[in-house]
$ cat coords26.cif   # mmCIF, C-alpha atoms and all ligand atoms
data_upload
loop_
_atom_site.group_PDB
_atom_site.id
_atom_site.type_symbol
_atom_site.label_atom_id
_atom_site.label_comp_id
_atom_site.auth_asym_id
_atom_site.auth_seq_id
_atom_site.Cartn_x
_atom_site.Cartn_y
_atom_site.Cartn_z
ATOM 1 C CA MET K 8 51.443 -3.773 8.515
ATOM 2 C CA VAL K 9 50.781 -7.468 8.787
ATOM 3 C CA ILE K 10 49.524 -6.904 12.309
ATOM 4 C CA ILE K 11 47.120 -4.200 11.137
ATOM 5 C CA ALA K 12 45.667 -6.390 8.403
ATOM 6 C CA THR K 13 45.253 -9.323 10.775
ATOM 7 C CA THR K 14 43.596 -7.237 13.457
ATOM 8 C CA TYR K 15 41.011 -5.788 11.119
ATOM 9 C CA LYS K 16 40.279 -9.203 9.714
ATOM 10 C CA ILE K 17 39.649 -10.518 13.202
ATOM 11 C CA CYS K 18 37.517 -7.513 14.070
ATOM 12 C CA ARG K 19 35.312 -7.802 11.007
ATOM 13 C CA ARG K 20 34.646 -11.417 11.770
ATOM 14 C CA LYS K 21 33.915 -10.881 15.472
ATOM 15 C CA MET K 22 32.486 -7.383 15.443
ATOM 16 C CA PRO K 23 29.679 -6.618 13.042
ATOM 17 C CA LEU K 24 28.247 -3.124 13.413
ATOM 18 C CA ILE K 25 26.305 -2.921 16.630
ATOM 19 C CA LYS K 26 22.830 -1.538 16.075
ATOM 20 C CA ASN K 27 21.333 -1.785 19.524
ATOM 21 C CA GLU K 28 22.204 -2.957 22.993
ATOM 22 C CA ARG K 29 20.228 -6.160 22.697
ATOM 23 C CA GLU K 30 22.519 -7.192 19.876
ATOM 24 C CA ILE K 31 25.615 -6.210 21.764
ATOM 25 C CA SER K 32 24.739 -8.448 24.664
ATOM 26 C CA GLY K 33 24.461 -11.364 22.273
ATOM 27 C CA GLY K 34 27.168 -12.670 20.026
ATOM 28 C CA ASP K 35 29.276 -9.570 19.473
ATOM 29 C CA PHE K 36 31.406 -9.826 22.564
ATOM 30 C CA LEU K 37 33.560 -12.672 23.657
ATOM 31 C CA LYS K 38 31.873 -14.833 26.255
ATOM 32 C CA PHE K 39 33.593 -15.656 29.488
ATOM 33 C CA ARG K 40 33.447 -19.408 29.932
ATOM 34 C CA ASP K 41 33.550 -21.506 33.082
ATOM 35 C CA GLY K 42 36.899 -23.068 33.867
ATOM 36 C CA ASP K 43 40.392 -21.707 33.276
ATOM 37 C CA SER K 44 41.159 -18.976 30.777
ATOM 38 C CA LEU K 45 44.383 -17.173 29.973
ATOM 39 C CA ILE K 46 43.749 -13.534 29.051
ATOM 40 C CA LYS K 47 45.985 -11.004 27.344
ATOM 41 C CA LEU K 48 44.839 -7.365 27.445
ATOM 42 C CA LEU K 49 45.540 -5.914 24.003
ATOM 43 C CA SER K 50 44.114 -2.406 24.475
ATOM 44 C CA ASN K 51 43.624 0.245 27.098
ATOM 45 C CA LEU K 52 40.512 0.266 29.223
ATOM 46 C CA TYR K 53 37.219 1.665 27.927
ATOM 47 C CA ARG K 54 34.961 2.202 30.899
ATOM 48 C CA VAL K 55 31.234 2.808 30.703
ATOM 49 C CA ASP K 56 29.225 3.667 33.799
ATOM 50 C CA SER K 57 25.702 2.367 33.459
ATOM 51 C CA HIS K 58 22.630 1.453 35.458
ATOM 52 C CA TYR K 59 20.761 -1.798 35.075
ATOM 53 C CA ILE K 60 17.030 -1.307 35.580
ATOM 54 C CA GLU K 61 15.748 -4.685 36.675
ATOM 55 C CA SER K 62 12.044 -4.039 36.075
ATOM 56 C CA GLN K 63 12.731 -2.838 32.526
ATOM 57 C CA LYS K 64 15.404 -5.470 31.826
ATOM 58 C CA THR K 65 17.472 -2.715 30.303
ATOM 59 C CA SER K 66 20.604 -0.668 30.859
ATOM 60 C CA ALA K 67 21.052 3.092 30.604
ATOM 61 C CA ILE K 68 24.044 5.388 30.863
ATOM 62 C CA CYS K 69 24.918 7.109 34.141
ATOM 63 C CA VAL K 70 25.326 10.807 33.415
ATOM 64 C CA GLY K 71 27.123 11.488 36.697
ATOM 65 C CA GLU K 72 26.062 11.195 40.301
ATOM 66 C CA ASP K 73 25.280 14.902 40.723
ATOM 67 C CA LYS K 74 22.663 15.076 37.964
ATOM 68 C CA CYS K 75 21.727 11.464 37.152
ATOM 69 C CA VAL K 76 18.048 10.694 37.671
ATOM 70 C CA LEU K 77 18.811 6.980 38.056
ATOM 71 C CA CYS K 78 21.440 7.627 40.763
ATOM 72 C CA LYS K 79 18.908 9.813 42.545
ATOM 73 C CA ARG K 80 16.427 6.947 42.449
ATOM 74 C CA GLY K 81 18.969 4.763 44.251
ATOM 75 C CA ILE K 82 19.811 2.453 41.367
ATOM 76 C CA ARG K 83 23.358 1.160 41.676
ATOM 77 C CA VAL K 84 25.989 2.307 39.173
ATOM 78 C CA ALA K 85 27.354 -0.690 37.296
ATOM 79 C CA PRO K 86 30.769 0.040 35.817
ATOM 80 C CA GLN K 87 31.491 -1.865 32.605
ATOM 81 C CA PHE K 88 35.148 -2.521 31.785
ATOM 82 C CA TYR K 89 35.922 -3.228 28.142
ATOM 83 C CA TYR K 90 39.182 -4.417 26.595
ATOM 84 C CA VAL K 91 40.241 -5.976 23.352
ATOM 85 C CA VAL K 92 41.687 -9.282 24.482
ATOM 86 C CA GLU K 93 43.043 -12.587 23.421
ATOM 87 C CA VAL K 94 41.502 -15.414 25.428
ATOM 88 C CA GLN K 95 42.783 -18.941 25.498
ATOM 89 C CA THR K 96 40.749 -21.554 27.326
ATOM 90 C CA SER K 97 42.231 -24.638 28.958
ATOM 91 C CA GLY K 98 40.634 -26.615 26.137
ATOM 92 C CA GLY K 99 42.963 -24.791 23.746
ATOM 93 C CA LEU K 100 40.323 -22.534 22.165
ATOM 94 C CA LYS K 101 41.839 -19.151 21.280
ATOM 95 C CA GLU K 102 39.734 -16.083 20.451
ATOM 96 C CA ASP K 103 40.303 -12.367 19.864
ATOM 97 C CA GLY K 104 37.748 -9.645 20.360
ATOM 98 C CA ILE K 105 36.129 -7.271 22.811
ATOM 99 C CA LEU K 106 35.560 -8.648 26.290
ATOM 100 C CA ARG K 107 33.666 -7.047 29.139
ATOM 101 C CA LEU K 108 35.992 -7.841 31.996
ATOM 102 C CA PRO K 109 33.947 -8.879 35.046
ATOM 103 C CA GLU K 110 34.230 -6.384 37.910
ATOM 104 C CA PRO K 111 36.024 -8.762 40.339
ATOM 105 C CA VAL K 112 38.599 -9.654 37.679
ATOM 106 C CA PHE K 113 39.220 -5.997 36.846
ATOM 107 C CA TYR K 114 39.696 -5.012 40.495
ATOM 108 C CA GLU K 115 41.980 -7.971 41.140
ATOM 109 C CA THR K 116 44.254 -7.004 38.213
ATOM 110 C CA ASN K 117 44.263 -3.478 39.693
ATOM 111 C CA ASN K 118 45.460 -4.882 43.019
ATOM 112 C CA TYR K 119 48.360 -6.610 41.285
ATOM 113 C CA GLU K 120 49.093 -3.467 39.290
ATOM 114 C CA LYS K 121 49.597 -1.443 42.472
ATOM 115 C CA ASN K 122 52.647 -3.585 43.260
ATOM 116 C CA MET K 123 54.171 -3.416 39.790
ATOM 117 C CA PRO K 124 57.129 -1.177 38.891
ATOM 118 C CA GLU K 125 56.054 2.198 37.491
ATOM 119 C CA ASN K 126 56.877 1.312 33.898
ATOM 120 C CA GLU K 127 54.618 -1.748 33.961
ATOM 121 C CA SER K 128 50.867 -2.178 33.764
ATOM 122 C CA LYS K 129 48.382 -5.026 33.718
ATOM 123 C CA ARG K 130 49.035 -5.223 29.955
ATOM 124 C CA ASN K 131 52.563 -6.498 30.653
ATOM 125 C CA TYR K 132 51.234 -9.820 31.943
ATOM 126 C CA ASP K 133 48.780 -12.459 30.947
ATOM 127 C CA TRP K 134 46.076 -13.303 33.473
ATOM 128 C CA ALA K 135 44.915 -16.739 34.547
ATOM 129 C CA VAL K 136 41.241 -16.484 35.404
ATOM 130 C CA ASN K 137 39.025 -19.249 36.697
ATOM 131 C CA ARG K 138 35.274 -18.786 36.409
ATOM 132 C CA ASP K 139 32.905 -20.959 38.415
ATOM 133 C CA SER K 140 29.170 -20.539 37.982
ATOM 134 C CA SER K 141 28.130 -23.728 39.759
ATOM 135 C CA GLY K 142 27.119 -21.955 43.005
ATOM 136 C CA ASP K 143 24.553 -19.267 43.810
ATOM 137 C CA ARG K 144 26.709 -16.619 42.214
ATOM 138 C CA VAL K 145 29.532 -16.589 39.699
ATOM 139 C CA VAL K 146 32.965 -16.695 41.352
ATOM 140 C CA TYR K 147 36.201 -15.572 39.701
ATOM 141 C CA ASP K 148 39.752 -16.337 40.730
ATOM 142 C CA THR K 149 42.379 -14.117 39.102
ATOM 143 C CA GLN K 150 46.130 -14.753 39.131
ATOM 144 C CA LYS K 151 48.944 -12.843 37.496
ATOM 145 C CA GLY K 152 50.559 -14.981 34.796
ATOM 146 C CA SER K 153 53.746 -14.592 32.772
ATOM 147 C CA LYS K 154 55.269 -11.419 31.430
ATOM 148 C CA ILE K 155 54.391 -10.743 27.792
ATOM 149 C CA GLU K 156 55.629 -8.422 25.039
ATOM 150 C CA ILE K 157 53.496 -5.326 24.474
ATOM 151 C CA ASP K 158 52.877 -4.320 20.855
ATOM 152 C CA GLU K 159 52.142 -0.590 21.161
ATOM 153 C CA GLU K 160 50.976 -0.338 17.559
ATOM 154 C CA LEU K 161 48.403 -3.091 18.061
ATOM 155 C CA ILE K 162 47.195 -1.454 21.284
ATOM 156 C CA LYS K 163 46.665 1.827 19.402
ATOM 157 C CA ILE K 164 44.611 0.086 16.708
ATOM 158 C CA ASN K 165 42.568 -1.820 19.266
ATOM 159 C CA ASN K 166 41.904 1.378 21.226
ATOM 160 C CA GLU K 167 40.413 2.884 18.085
ATOM 161 C CA LEU K 168 38.262 -0.190 17.638
ATOM 162 C CA LEU K 169 36.994 0.137 21.213
ATOM 163 C CA ILE K 170 36.200 3.826 20.729
ATOM 164 C CA GLU K 171 34.183 2.964 17.628
ATOM 165 C CA LYS K 172 32.319 -0.082 18.917
ATOM 166 C CA ILE K 173 31.754 0.849 22.541
ATOM 167 C CA GLY K 174 31.080 4.423 21.459
ATOM 168 C CA ASP K 175 28.129 3.071 19.445
ATOM 169 C CA TYR K 176 26.959 1.112 22.458
ATOM 170 C CA GLU K 177 27.291 4.179 24.690
ATOM 171 C CA ASN K 178 25.045 6.088 22.316
ATOM 172 C CA THR K 179 22.308 3.482 22.723
ATOM 173 C CA LEU K 180 22.706 3.736 26.512
ATOM 174 C CA LYS K 181 22.399 7.544 26.282
ATOM 175 C CA ALA K 182 19.248 7.232 24.204
ATOM 176 C CA LYS K 183 17.827 4.818 26.764
ATOM 177 C CA TYR K 184 18.633 7.260 29.573
ATOM 178 C CA LYS K 185 16.743 10.033 27.761
ATOM 179 C CA GLN K 186 13.743 7.734 27.343
ATOM 180 C CA LEU K 187 13.718 6.863 31.039
ATOM 181 C CA VAL K 188 14.120 10.492 32.107
ATOM 182 C CA ASN K 189 11.208 11.442 29.881
ATOM 183 C CA SER K 190 9.045 8.693 31.360
ATOM 184 C CA VAL K 191 9.872 9.917 34.882
ATOM 185 C CA ALA K 192 9.073 13.511 33.898
ATOM 186 C CA ARG K 193 5.729 12.447 32.405
ATOM 187 C CA ALA K 194 4.831 10.432 35.480
ATOM 188 C CA GLN K 195 5.715 13.309 37.807
ATOM 189 C CA GLU K 196 3.655 15.696 35.708
ATOM 190 C CA ALA K 197 0.698 13.353 35.976
ATOM 191 C CA ASP K 198 1.185 12.895 39.702
ATOM 192 C CA PRO K 199 3.656 15.250 41.464
ATOM 193 C CA SER K 200 3.568 13.131 44.625
ATOM 194 C CA GLU K 201 4.670 10.065 42.634
ATOM 195 C CA VAL K 202 2.467 7.840 44.757
ATOM 196 C CA SER K 203 0.434 6.369 41.940
ATOM 197 C CA GLY K 204 3.140 4.019 40.776
ATOM 198 C CA ASN K 205 3.369 5.687 37.370
ATOM 199 C CA ILE K 206 7.137 5.457 37.466
ATOM 200 C CA PRO K 207 7.929 1.914 36.476
ATOM 201 C CA PHE K 208 11.282 1.601 38.276
HETATM 202 ZN ZN ZN K 301 23.692 7.477 37.581
#

$ encode --input "coords26.cif" --output "structure tokens"
Amino acid sequence: MVIIATTYKICRRKMPLIKNEREISGGDFLKFRDGDSLIKLLSNLYRVDSHYIESQKTSAICVGEDKCVLCKRGIRVAPQFYYVVEVQTSGGLKEDGILRLPEPVFYETNNYEKNMPENESKRNYDWAVNRDSSGDRVVYDTQKGSKIEIDEELIKINNELLIEKIGDYENTLKAKYKQLVNSVARAQEADPSEVSGNIPF
């Protein structure tokens, strides 16, 4: 019970109700800092497939390759990988909360996971991640760390938190998708050949 109380306390402090995606990209998630971090994954994965529309500076949900208007327009699907984590930086700063795991880090932990015994997962280890944003693009180096104890009860609670918080976020992405689809439909109605540049992305 102590764990439950502590978790909710942490969540309230870090995770105010998310009202729109602009807010979510601000202070509500943990930020990945340059340098060395040690990460513990304290939930299962919550994956959201989205599109980032550069010209609109906005993201929208991907409703599936076969019917997604944004896929059909050739906009890349950007998978978003969310976990509740504990992050400790080399400076000793320790934080709990929801982290969007960068794609290269997620895929690297997957690579390690393939070689783990069947009863283990990436949650059984902590992960030493180095982030370097000094070059043209951000570079991550991910190494498997030490084995850690899994608290199944805590993982269950954190999964529920993810469903609630990222579920809210997903709803804003769905609303954005509808808006974009409507704007495409209107533009096509106005000009079936789509040559007038009415479609803004
Ligand atoms: Zn799509």

$ atom_distance --input "coords26.cif" --atom1 "atom CA of K:Ile155" --atom2 "atom CA of K:Phe36"
23.6 Å

$ residues_near_point --input "coords26.cif" --point "(50.0, -12.8, 39.2)" --cutoff "7 Å" --atoms "only C-alpha atoms" --output "count of residues only"
5

$ closest_atom_pairs --input "coords26.cif" --of "chain K" --to "ligand ZN 301 (chain K)" --cutoff "6 Å" --atoms "all atoms listed in the file" --output "tab-separated table"
residue	atom	partner	partner_atom	distance
K:Cys69	CA	K:ZN301	ZN	3.7
K:Val70	CA	K:ZN301	ZN	5.6
K:Gly71	CA	K:ZN301	ZN	5.4
K:Glu72	CA	K:ZN301	ZN	5.2
K:Cys75	CA	K:ZN301	ZN	4.5
K:Leu77	CA	K:ZN301	ZN	4.9
K:Cys78	CA	K:ZN301	ZN	3.9
K:Val84	CA	K:ZN301	ZN	5.9

$ atom_distance --input "coords26.cif" --atom1 "atom CA of K:Tyr147" --atom2 "atom CA of K:Pro111"
6.8 Å

$ resolve_selection --input "coords26.cif" --expression "the PyMOL selection byres (((chain K and resi 79-82) around 12) and not hetatm)" --output "list in words"
Ser57, His58, Tyr59, Ile60, Glu61, Ser62, Ser66, Ala67, Ile68, Cys69, Val70, Gly71, Glu72, Asp73, Lys74, Cys75, Val76, Leu77, Cys78, Arg83, Val84, Ala85, Leu187, Val188, Val191, Ile206, Pro207 and Phe208 of chain K

$ atom_distance --input "coords26.cif" --atom1 "atom CA of K:Val91" --atom2 "atom CA of K:Ile105"
4.3 Å

$ closest_residue --input "coords26.cif" --among "K:Asp143, K:Asp56, K:Asp41, K:Glu115" --to "K:Lys129" --atoms "all atoms listed in the file"
K:Glu115

$ resolve_selection --input "coords26.cif" --expression "the PyMOL selection byres (((chain K and resi 107) around 9) and not hetatm)" --output "VMD selection string"
chain K and resid 36 to 39 87 to 91 105 to 106 108 to 110

$ residues_around --input "coords26.cif" --residues "K:Glu120" --least-positions-apart "2" --cutoff "12 Å" --atoms "all atoms listed in the file" --output "MDAnalysis selection string"
chainID K and resid 113:118 122:132 134 150:151

$ resolve_selection --input "coords26.cif" --expression "the PyMOL selection byres (((chain K and resi 138-141) around 9) and not hetatm)" --output "ChimeraX atom specification"
/K:39-44,136-137,142-149

$ decode --input "coords26.cif" --residues "stretch 89-112 of chain K" --atoms "N, CA and C atoms" --output "mmCIF file, in the first residue's frame"
data_model
loop_
_atom_site.group_PDB
_atom_site.id
_atom_site.type_symbol
_atom_site.label_atom_id
_atom_site.label_comp_id
_atom_site.auth_asym_id
_atom_site.auth_seq_id
_atom_site.Cartn_x
_atom_site.Cartn_y
_atom_site.Cartn_z
ATOM 1 N N TYR K 89 5.830 5.169 -25.013
ATOM 2 C CA TYR K 89 5.722 5.763 -23.675
ATOM 3 C C TYR K 89 5.868 4.708 -22.582
ATOM 4 N N TYR K 90 6.622 5.072 -21.545
ATOM 5 C CA TYR K 90 6.756 4.252 -20.345
ATOM 6 C C TYR K 90 6.701 5.157 -19.126
ATOM 7 N N VAL K 91 6.278 4.598 -18.013
ATOM 8 C CA VAL K 91 6.556 5.244 -16.733
ATOM 9 C C VAL K 91 7.950 4.782 -16.338
ATOM 10 N N VAL K 92 8.796 5.715 -15.997
ATOM 11 C CA VAL K 92 10.200 5.380 -15.732
ATOM 12 C C VAL K 92 10.701 6.056 -14.463
ATOM 13 N N GLU K 93 11.831 5.545 -14.020
ATOM 14 C CA GLU K 93 12.643 6.300 -13.073
ATOM 15 C C GLU K 93 13.943 6.617 -13.812
ATOM 16 N N VAL K 94 14.299 7.889 -13.827
ATOM 17 C CA VAL K 94 15.535 8.301 -14.496
ATOM 18 C C VAL K 94 16.484 8.895 -13.475
ATOM 19 N N GLN K 95 17.713 8.427 -13.532
ATOM 20 C CA GLN K 95 18.740 9.025 -12.682
ATOM 21 C C GLN K 95 19.856 9.539 -13.584
ATOM 22 N N THR K 96 20.158 10.816 -13.473
ATOM 23 C CA THR K 96 21.228 11.372 -14.299
ATOM 24 C C THR K 96 22.574 11.195 -13.593
ATOM 25 N N SER K 97 23.646 11.372 -14.355
ATOM 26 C CA SER K 97 24.974 11.203 -13.745
ATOM 27 C C SER K 97 25.215 12.260 -12.667
ATOM 28 N N GLY K 98 24.496 13.365 -12.757
ATOM 29 C CA GLY K 98 24.586 14.393 -11.725
ATOM 30 C C GLY K 98 23.844 14.030 -10.444
ATOM 31 N N GLY K 99 23.168 12.871 -10.458
ATOM 32 C CA GLY K 99 22.508 12.391 -9.247
ATOM 33 C C GLY K 99 21.031 12.761 -9.168
ATOM 34 N N LEU K 100 20.538 13.512 -10.158
ATOM 35 C CA LEU K 100 19.121 13.886 -10.173
ATOM 36 C C LEU K 100 18.265 12.658 -10.477
ATOM 37 N N LYS K 101 17.238 12.435 -9.647
ATOM 38 C CA LYS K 101 16.381 11.261 -9.826
ATOM 39 C C LYS K 101 14.942 11.720 -9.996
ATOM 40 N N GLU K 102 14.275 11.266 -11.065
ATOM 41 C CA GLU K 102 12.902 11.674 -11.329
ATOM 42 C C GLU K 102 12.054 10.473 -11.719
ATOM 43 N N ASP K 103 10.759 10.547 -11.384
ATOM 44 C CA ASP K 103 9.790 9.543 -11.826
ATOM 45 C C ASP K 103 8.759 10.220 -12.704
ATOM 46 N N GLY K 104 8.249 9.497 -13.673
ATOM 47 C CA GLY K 104 7.171 10.060 -14.482
ATOM 48 C C GLY K 104 7.089 9.357 -15.820
ATOM 49 N N ILE K 105 6.301 9.954 -16.718
ATOM 50 C CA ILE K 105 6.140 9.365 -18.048
ATOM 51 C C ILE K 105 7.229 9.904 -18.967
ATOM 52 N N LEU K 106 7.885 8.991 -19.656
ATOM 53 C CA LEU K 106 8.941 9.379 -20.594
ATOM 54 C C LEU K 106 8.595 8.822 -21.973
ATOM 55 N N ARG K 107 8.730 9.676 -22.987
ATOM 56 C CA ARG K 107 8.661 9.163 -24.354
ATOM 57 C C ARG K 107 10.057 8.665 -24.688
ATOM 58 N N LEU K 108 10.168 7.356 -24.811
ATOM 59 C CA LEU K 108 11.479 6.769 -25.081
ATOM 60 C C LEU K 108 11.839 7.037 -26.536
ATOM 61 N N PRO K 109 12.988 7.655 -26.796
ATOM 62 C CA PRO K 109 13.365 7.935 -28.187
ATOM 63 C C PRO K 109 13.433 6.632 -28.994
ATOM 64 N N GLU K 110 13.033 6.714 -30.254
ATOM 65 C CA GLU K 110 12.993 5.521 -31.110
ATOM 66 C C GLU K 110 14.275 4.687 -31.065
ATOM 67 N N PRO K 111 15.478 5.316 -31.237
ATOM 68 C CA PRO K 111 16.693 4.488 -31.250
ATOM 69 C C PRO K 111 16.922 3.754 -29.932
ATOM 70 N N VAL K 112 16.528 4.381 -28.832
ATOM 71 C CA VAL K 112 16.702 3.741 -27.517
ATOM 72 C C VAL K 112 15.749 2.548 -27.417
#
